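These notes concern the structure reproduced below.
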Amino acid sequence: MSMPKYVLKRILLMILTFGVVATMCFVLIKLLPLPAIKSMGKDANLIIKKREAMGYNKPLMVQYFRYWKHVFQGDLGLGEQMYEAQSVLSIVAQKLPYTIVVNLYSILIAIPIGLAFGIYAALRKNKWQDYVISTAVMVVYSVPSYVYAFLVQFFLCYKTGWFSLTVASKAEADFISWTMFKSMLPAIISLGFGTIAGLTRFTRAELAEVLTGDYLLLARTKGLTKSQAITRHALRNAMVPILPMILSEFIGILGGSLIIENIFAIPGIGKLYITAINVRDYNFFMALTFFYTLIDLVAGLVIDLSYGFIDPRIKMGAK
């Protein structure tokens with residue numbers, strides 16, 4: 001199968017998967033009852049009229065096709081339980097930069113540290129340095145990111161006072177600025193622990209396996225020094241599975257920031273997503289489900305294609 005046919009097939013499967021996930025989420029969220037009008041503390045008649053205007057009293061299939069009609073027109077609806085009567089798309093666009101920035105900072109810091117530890121452990125395989133790093137990685141990888149968040153908050157924010165407990169707003173600082181970076185640093189550190197541990201473990205395993213290959217011994221017999229053989233051959237071959245793994249780590253950290261954003265009060269889409277679930281705001285829930293589903297699906301496609309670009313010998317879609 002040629003590369004264009006393989007990509008087209010994957011895109012079609014991606015669209016099909018997205019449609020199935022979106023349909024399931026739509027049906028499941030609609031099966032949940034809306035918040036009781038009495039608990040909302042507003043005029044009952046106004047709320048009833050608004051829900052009728054939004055089509056919430058119509059049959060489920062009518063609501064489903066009506067929703068997709070608006071989606072294809074670029075309208076993801078208005079907020080009801082939160083950001084009342086405001087465009088869901090505009091609110092998500094306002095919140096998205098916070099999530100992207102905190103995740104980018106985290107992954108950019110974690111990648112070199114994780115690769116460095118993994119390479120060092122592989123080069124010192126079965127020595128005390130390797131045992132220390134492997135044990136530390138096992139412990140760090142086993143602990144959820146929110147545990148580190150609480151520890152970082154307690155020691156770096158509360159005890160020492162080095163950092164603020166809250167993230168700077170857009171009005172206080174630009175997204176790419178020292179003020180914003182410093183305010184996000186506790187969240188970045190909390191997210192980075194797991195990523196560093198994952199990269200270290202994977203890099204160590206892949207490079208240690210490559211270092212035992214016969215072609216590396218052949219390279220040495222041809223006159224290359226140990227360092228030349230490692231840099232020219234071992235590291236290059238080990239990077240074939242490591243680079244796609246870095247992409248998957250970014251996707252994983254993006255999902256993990258759902259909890260971290262709530263702990264550090266980051267006004268990103270992770271916090272918005274959890275709030276939408278708690279208050280049962282249909283339109284916000286569906287819009288953010290679309291976002292996270294698309295991120296996962298597109299990332300899977302990019303990761304698969306990256307193997308072919310990193311190593312042209314790999315034929316995508318070959319039988």
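Within each chain, counting starts at residue 1; across the structure tokens, chains are named A, B, ... in the order shown, with ligands numbered 1 upward in that order.
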For this session: Tell me which protein, DNA and RNA residues are within 12 Å of Ala205 in chain A, counting only C-alpha atoms, leaving out same-chain ones fewer than 6 positions away, and put them as a list of chain:residue names.
Result: A:Leu115, A:Phe117, A:Gly118, A:Ile119, A:Tyr120, A:Ala121, A:Ala122, A:Leu123, A:Lys125, A:Asp130, A:Ser134, A:Gly198, A:Leu199, A:Leu211, A:Thr212, A:Ala238, A:Met239, A:Pro241, A:Ile242
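Take the candidates A:Ala136, A:Leu12, A:Ile91, A:Leu243 and check each one against Gly194 in chain A using only C-alpha atoms; the shortest distance goes to A:Ala136.
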Exercise. To one decimal place, how far is CA of Lys127 in chain A from CA of Ile113 in chain A in Å?
Worked result: 20.0 Å
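Assigned to strand (DSSP E or B) in range 71-103 of chain A, given DSSP computed from backbone atoms, are Leu78, Gly79, Glu84 and Ser87 of chain A.
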For this session: Using backbone DSSP assignments, extract all alpha helix (DSSP H) residues from range 61-153 of chain A; output them as a VMD selection string.
Result: chain A and resid 61 to 72 88 to 123 128 to 142 145 to 152
Selection to disk with C-alpha atoms, as an mmCIF file, in the first residue's frame:
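New file out_15.cif:
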data_model
loop_
_atom_site.group_PDB
_atom_site.id
_atom_site.type_symbol
_atom_site.label_atom_id
_atom_site.label_comp_id
_atom_site.auth_asym_id
_atom_site.auth_seq_id
_atom_site.Cartn_x
_atom_site.Cartn_y
_atom_site.Cartn_z
ATOM 1 C CA MET A 61 -32.626 12.216 17.551
ATOM 2 C CA VAL A 62 -34.023 15.636 16.677
ATOM 3 C CA GLN A 63 -31.555 17.229 19.099
ATOM 4 C CA TYR A 64 -28.733 15.136 17.632
ATOM 5 C CA PHE A 65 -29.251 16.168 14.004
ATOM 6 C CA ARG A 66 -29.952 19.749 15.021
ATOM 7 C CA TYR A 67 -26.683 19.851 16.957
ATOM 8 C CA TRP A 68 -24.617 18.546 14.051
ATOM 9 C CA LYS A 69 -26.293 20.993 11.678
ATOM 10 C CA HIS A 70 -25.057 23.863 13.851
ATOM 11 C CA VAL A 71 -21.600 22.287 14.217
ATOM 12 C CA PHE A 72 -21.130 22.117 10.442
ATOM 13 C CA VAL A 88 -18.673 28.284 23.520
ATOM 14 C CA LEU A 89 -16.129 28.630 20.716
ATOM 15 C CA SER A 90 -14.961 32.068 21.878
ATOM 16 C CA ILE A 91 -14.619 30.959 25.516
ATOM 17 C CA VAL A 92 -12.622 27.877 24.515
ATOM 18 C CA ALA A 93 -10.379 30.071 22.336
ATOM 19 C CA GLN A 94 -9.716 32.318 25.351
ATOM 20 C CA LYS A 95 -8.839 29.383 27.627
ATOM 21 C CA LEU A 96 -6.834 27.274 25.168
ATOM 22 C CA PRO A 97 -3.571 29.317 25.259
ATOM 23 C CA TYR A 98 -3.147 28.670 28.995
ATOM 24 C CA THR A 99 -3.343 24.906 28.467
ATOM 25 C CA ILE A 100 -1.023 24.946 25.445
ATOM 26 C CA VAL A 101 1.600 27.127 27.136
ATOM 27 C CA VAL A 102 1.797 25.156 30.397
ATOM 28 C CA ASN A 103 2.061 21.860 28.489
ATOM 29 C CA LEU A 104 4.655 23.178 26.036
ATOM 30 C CA TYR A 105 6.827 24.534 28.842
ATOM 31 C CA SER A 106 6.560 21.229 30.664
ATOM 32 C CA ILE A 107 7.437 19.015 27.706
ATOM 33 C CA LEU A 108 10.284 21.284 26.524
ATOM 34 C CA ILE A 109 11.903 21.084 29.961
ATOM 35 C CA ALA A 110 11.210 17.364 30.435
ATOM 36 C CA ILE A 111 12.530 16.150 27.052
ATOM 37 C CA PRO A 112 16.249 17.014 27.459
ATOM 38 C CA ILE A 113 16.285 15.898 31.104
ATOM 39 C CA GLY A 114 14.561 12.585 30.347
ATOM 40 C CA LEU A 115 16.779 11.860 27.339
ATOM 41 C CA ALA A 116 19.936 12.734 29.270
ATOM 42 C CA PHE A 117 19.070 10.449 32.196
ATOM 43 C CA GLY A 118 18.018 7.635 29.844
ATOM 44 C CA ILE A 119 21.203 7.812 27.750
ATOM 45 C CA TYR A 120 23.401 8.006 30.850
ATOM 46 C CA ALA A 121 21.657 4.989 32.441
ATOM 47 C CA ALA A 122 22.026 2.953 29.234
ATOM 48 C CA LEU A 123 25.731 3.763 28.959
ATOM 49 C CA TRP A 128 25.317 1.590 40.374
ATOM 50 C CA GLN A 129 24.381 4.703 38.390
ATOM 51 C CA ASP A 130 21.975 2.628 36.318
ATOM 52 C CA TYR A 131 20.424 1.050 39.413
ATOM 53 C CA VAL A 132 19.949 4.418 41.125
ATOM 54 C CA ILE A 133 18.328 6.025 38.063
ATOM 55 C CA SER A 134 16.125 2.983 37.339
ATOM 56 C CA THR A 135 14.919 2.803 40.944
ATOM 57 C CA ALA A 136 14.182 6.536 41.053
ATOM 58 C CA VAL A 137 12.331 6.317 37.733
ATOM 59 C CA MET A 138 10.213 3.407 38.978
ATOM 60 C CA VAL A 139 9.223 5.342 42.105
ATOM 61 C CA VAL A 140 8.534 8.616 40.282
ATOM 62 C CA TYR A 141 6.580 6.937 37.463
ATOM 63 C CA SER A 142 4.336 5.123 39.949
ATOM 64 C CA SER A 145 1.028 13.858 38.978
ATOM 65 C CA TYR A 146 -1.488 15.368 41.405
ATOM 66 C CA VAL A 147 0.575 14.020 44.343
ATOM 67 C CA TYR A 148 3.557 16.012 43.089
ATOM 68 C CA ALA A 149 1.247 18.990 42.684
ATOM 69 C CA PHE A 150 0.343 18.922 46.372
ATOM 70 C CA LEU A 151 4.006 18.504 47.374
ATOM 71 C CA VAL A 152 5.099 21.360 45.108
#
For this session: Using only C-alpha atoms, determine which residues lie at most 12 Å from Phe26 in chain A, disregarding the query and same-chain residues fewer than 5 positions distant; provide the list as a ChimeraX atom specification.
Result: /A:19-21,31-32,60-61,63-65,67-68,280-290
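CA of Pro267 in chain A to CA of Trp162 in chain A spans 21.1 Å [interatomic distance, one decimal].
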Seminar exercise, completed: CA of Lys170 in chain A to CA of Gly79 in chain A measures 22.0 Å
Exercise. Counting only C-alpha atoms, what is within 9 Å of Gln153 in chain A, bar same-chain residues fewer than 5 positions away, as a PyMOL selection string?
Worked result: chain A and resi 148+158-159+163-165+186-187+264
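Residues in contact with Arg10 in chain A at 10 Å, where only C-alpha atoms are counted and same-chain residues fewer than 2 positions away are skipped, are listed as Pro4, Lys5, Tyr6, Val7, Leu8, Leu12, Leu13, Met14, Ile15, Leu16, Leu297, Val298, Gly300, Leu301, Asp304 and Gly317 of chain A.
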Exercise. Hey, what's within 12 Å of Val210 in chain A if we count only C-alpha atoms and toss same-chain stuff fewer than 2 positions away? As an MDAnalysis selection string, please?
Worked result: chainID A and resid 119 122:123 203:208 212:217 229:231 233:241
